[in-house]
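Notes follow the structure.
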Amino acid sequence: MRHTPHYLMTDPDEVRRLIRENPWMTIVSSPPGSGIVASHYAFLLDEQASTGDEIVLIGHVGRPDEQAHELGQHEVLLIVQGAHGYISPSWYEPGDIIPTWNHVTAHLWGTPEILSDEENLEALSALTDHFERHVVNPRGLHLDPEYSRRVARGTVGVRVRVTRVDARAKLSQNKPVEVVERIIGALEGDGPYSHPGLAREMRRHHDARDS
């Protein structure tokens with residue numbers, strides 16, 4: 001990402017929060033002779049292993065993506081995309097005509113570790129249970145263990161111990177307080193570029209900065 005020091009997210013807890021709230025990630029790798037390979041999968045934060053400055057992710061890919069990425073053989077990039085949206089200059093002061101795009105994004109690097117079949121099944125079960133907990137009548141892999149094991153054979157589980165992080169929160173830090181409040185108000189409204197999630201990120205960031 002563009003080097004913009006005043007947008008850097010350096011707090012591991014904030015990066016972990018971004019991961020928890022945005023588990024759908026893009027995996028990017030560049031295996032020798034294959035060019036750039038990209039895939040999209042859900043990853044969960046390994047809460048027990050992710051302490052202090054450590055960030056560890058658990059996830060899976062569908063076969064044969066593990067071969068396309070050559071998982072386990074080299075470093076990959078995982079992109080976490082949080083809230084983002086268009087910021088209209090009509091929300092700025094008169095005469096300011098340049099729009100922008102606010103976003104919260106993290107780039108995470110690490111070399112995936114391939115999970116055993118049993119670990120992969122546990123990871124798939126945890127992933128399903130994580131999202132099903134919000135459903136009125138949740139369903140889990142435990143309801144049909146044998147079928148779940150057969151389906152799991154079509155996937156490869158991975159653990160990624162993140163070795164490098166580049167995270168940014170670009171949230172109108174270069175604007176005065178009154179303009180920031182106007183932007184948040186517009187994002188919270190019902191206009192064509194409303195985005196309550198981005199408004200929450202902006203309010204969270206600016207409240208923390210001003211406290």
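Identifiers for the structure tokens are assigned positionally: chains receive A, B, ... in sequence, residues are indexed from 1 per chain, and ligands are indexed from 1 in the order shown.
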Residue contacts of segment 51-59 of chain A (6 Å, only C-alpha atoms) excluding same-chain residues fewer than 2 positions away, as a PyMOL selection string: chain A and resi 12+43-46+49+157-162
Surrounding residues of Pro5 of chain A excluding itself and chain neighbours under 2 positions, 12 Å, only C-alpha atoms, as a ChimeraX atom specification: /A:1-3,7-10,166-170,173
Restricting it to N, CA and C atoms, dump the selection as an mmCIF file, in the first residue's frame.
```cif
data_model
loop_
_atom_site.group_PDB
_atom_site.id
_atom_site.type_symbol
_atom_site.label_atom_id
_atom_site.label_comp_id
_atom_site.auth_asym_id
_atom_site.auth_seq_id
_atom_site.Cartn_x
_atom_site.Cartn_y
_atom_site.Cartn_z
ATOM 1 N N MET A 1 0.835 -1.196 0.000
ATOM 2 C CA MET A 1 0.000 0.000 0.000
ATOM 3 C C MET A 1 0.871 1.247 0.000
ATOM 4 N N ARG A 2 0.289 2.339 -0.432
ATOM 5 C CA ARG A 2 1.007 3.610 -0.447
ATOM 6 C C ARG A 2 1.493 3.941 0.960
ATOM 7 N N HIS A 3 2.735 4.418 1.065
ATOM 8 C CA HIS A 3 3.317 4.709 2.375
ATOM 9 C C HIS A 3 2.755 6.024 2.915
ATOM 10 N N TYR A 7 -1.694 7.200 8.509
ATOM 11 C CA TYR A 7 -2.825 6.284 8.405
ATOM 12 C C TYR A 7 -2.501 4.896 8.980
ATOM 13 N N LEU A 8 -1.283 4.700 9.451
ATOM 14 C CA LEU A 8 -0.863 3.381 9.912
ATOM 15 C C LEU A 8 -1.672 2.911 11.117
ATOM 16 N N MET A 9 -2.026 1.616 11.106
ATOM 17 C CA MET A 9 -2.607 0.951 12.270
ATOM 18 C C MET A 9 -1.508 0.085 12.869
ATOM 19 N N THR A 10 -1.017 0.448 14.029
ATOM 20 C CA THR A 10 0.099 -0.278 14.632
ATOM 21 C C THR A 10 -0.312 -1.057 15.880
ATOM 22 N N ASP A 166 0.950 -4.809 7.470
ATOM 23 C CA ASP A 166 0.864 -3.425 6.979
ATOM 24 C C ASP A 166 -0.622 -3.073 6.969
ATOM 25 N N ALA A 167 -1.071 -2.351 8.003
ATOM 26 C CA ALA A 167 -2.494 -2.038 8.158
ATOM 27 C C ALA A 167 -2.696 -0.534 8.137
ATOM 28 N N ARG A 168 -3.761 -0.108 7.472
ATOM 29 C CA ARG A 168 -4.043 1.324 7.329
ATOM 30 C C ARG A 168 -5.500 1.627 7.660
ATOM 31 N N ALA A 169 -5.709 2.741 8.327
ATOM 32 C CA ALA A 169 -7.044 3.275 8.558
ATOM 33 C C ALA A 169 -7.048 4.688 7.988
ATOM 34 N N LYS A 170 -7.514 4.829 6.756
ATOM 35 C CA LYS A 170 -7.589 6.142 6.093
ATOM 36 C C LYS A 170 -8.996 6.671 6.311
ATOM 37 N N GLN A 173 -8.293 11.773 8.351
ATOM 38 C CA GLN A 173 -7.481 12.379 9.418
ATOM 39 C C GLN A 173 -6.954 13.755 9.042
#
```
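You can rank A:Arg17, A:Val180, A:Leu143, A:Ile114 by their closest distance to Glu47 of chain A using only C-alpha atoms, and at the top of that list sits A:Arg17.
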Pick from A:Arg20, A:Thr128, A:Val151, A:His84, whichever lies nearest to His103 of chain A using only C-alpha atoms: A:His84
All residues 9 Å or closer to segment 175-178 of chain A, only C-alpha atoms, same chain fewer than 5 positions away omitted, as a PyMOL selection string: chain A and resi 92+183+206
Deliver the residues from the most recent selection as a file, using N, CA and C atoms, as a short mmCIF file (atom, residue, chain, number, x, y, z; two decimals), in the first residue's frame.
```
data_model
loop_
_atom_site.label_atom_id
_atom_site.label_comp_id
_atom_site.auth_asym_id
_atom_site.auth_seq_id
_atom_site.Cartn_x
_atom_site.Cartn_y
_atom_site.Cartn_z
N TYR A 92 -17.31 18.54 2.08
CA TYR A 92 -16.19 19.35 2.55
C TYR A 92 -16.58 20.83 2.62
N ILE A 183 -18.86 14.54 7.38
CA ILE A 183 -18.69 13.29 6.62
C ILE A 183 -19.40 12.15 7.33
N HIS A 206 -11.74 8.65 15.42
CA HIS A 206 -11.58 10.05 15.81
C HIS A 206 -11.87 10.27 17.28
#
```
Near-segment 21-27 of chain A list (7 Å; only C-alpha atoms; drop same-chain fewer than 5 positions) as a ChimeraX atom specification: /A:38-44,76-82
Restrict the selected residues to N, CA and C atoms and save them as a tab-separated table (two decimals), in the first residue's frame.
```tsv
chain	number	residue	atom	x	y	z
A	38	ALA	N	-4.55	-15.60	-7.00
A	38	ALA	CA	-5.39	-15.02	-5.96
A	38	ALA	C	-6.61	-15.90	-5.74
A	39	SER	N	-6.99	-16.07	-4.47
A	39	SER	CA	-8.18	-16.83	-4.09
A	39	SER	C	-8.86	-16.10	-2.94
A	40	HIS	N	-10.10	-16.51	-2.64
A	40	HIS	CA	-10.88	-15.82	-1.61
A	40	HIS	C	-11.51	-16.85	-0.68
A	41	TYR	N	-11.21	-16.72	0.62
A	41	TYR	CA	-11.71	-17.67	1.61
A	41	TYR	C	-11.90	-16.95	2.95
A	42	ALA	N	-12.70	-17.58	3.81
A	42	ALA	CA	-12.90	-17.07	5.16
A	42	ALA	C	-11.82	-17.62	6.09
A	43	PHE	N	-11.28	-16.75	6.94
A	43	PHE	CA	-10.30	-17.14	7.95
A	43	PHE	C	-10.76	-16.63	9.31
A	44	LEU	N	-10.47	-17.41	10.33
A	44	LEU	CA	-10.76	-16.99	11.70
A	44	LEU	C	-9.47	-16.70	12.44
A	76	VAL	N	2.75	-16.11	1.65
A	76	VAL	CA	1.58	-15.59	0.94
A	76	VAL	C	1.15	-14.29	1.59
A	77	LEU	N	0.35	-13.54	0.87
A	77	LEU	CA	-0.24	-12.30	1.37
A	77	LEU	C	-1.73	-12.52	1.57
A	78	LEU	N	-2.23	-12.16	2.74
A	78	LEU	CA	-3.66	-12.19	3.02
A	78	LEU	C	-4.14	-10.75	3.16
A	79	ILE	N	-5.16	-10.40	2.40
A	79	ILE	CA	-5.70	-9.04	2.42
A	79	ILE	C	-7.02	-9.04	3.17
A	80	VAL	N	-7.10	-8.21	4.20
A	80	VAL	CA	-8.31	-8.05	5.00
A	80	VAL	C	-8.91	-6.69	4.64
A	81	GLN	N	-10.12	-6.69	4.10
A	81	GLN	CA	-10.77	-5.44	3.71
A	81	GLN	C	-11.89	-5.12	4.68
A	82	GLY	N	-11.72	-4.05	5.43
A	82	GLY	CA	-12.76	-3.59	6.33
A	82	GLY	C	-13.70	-2.63	5.63
```
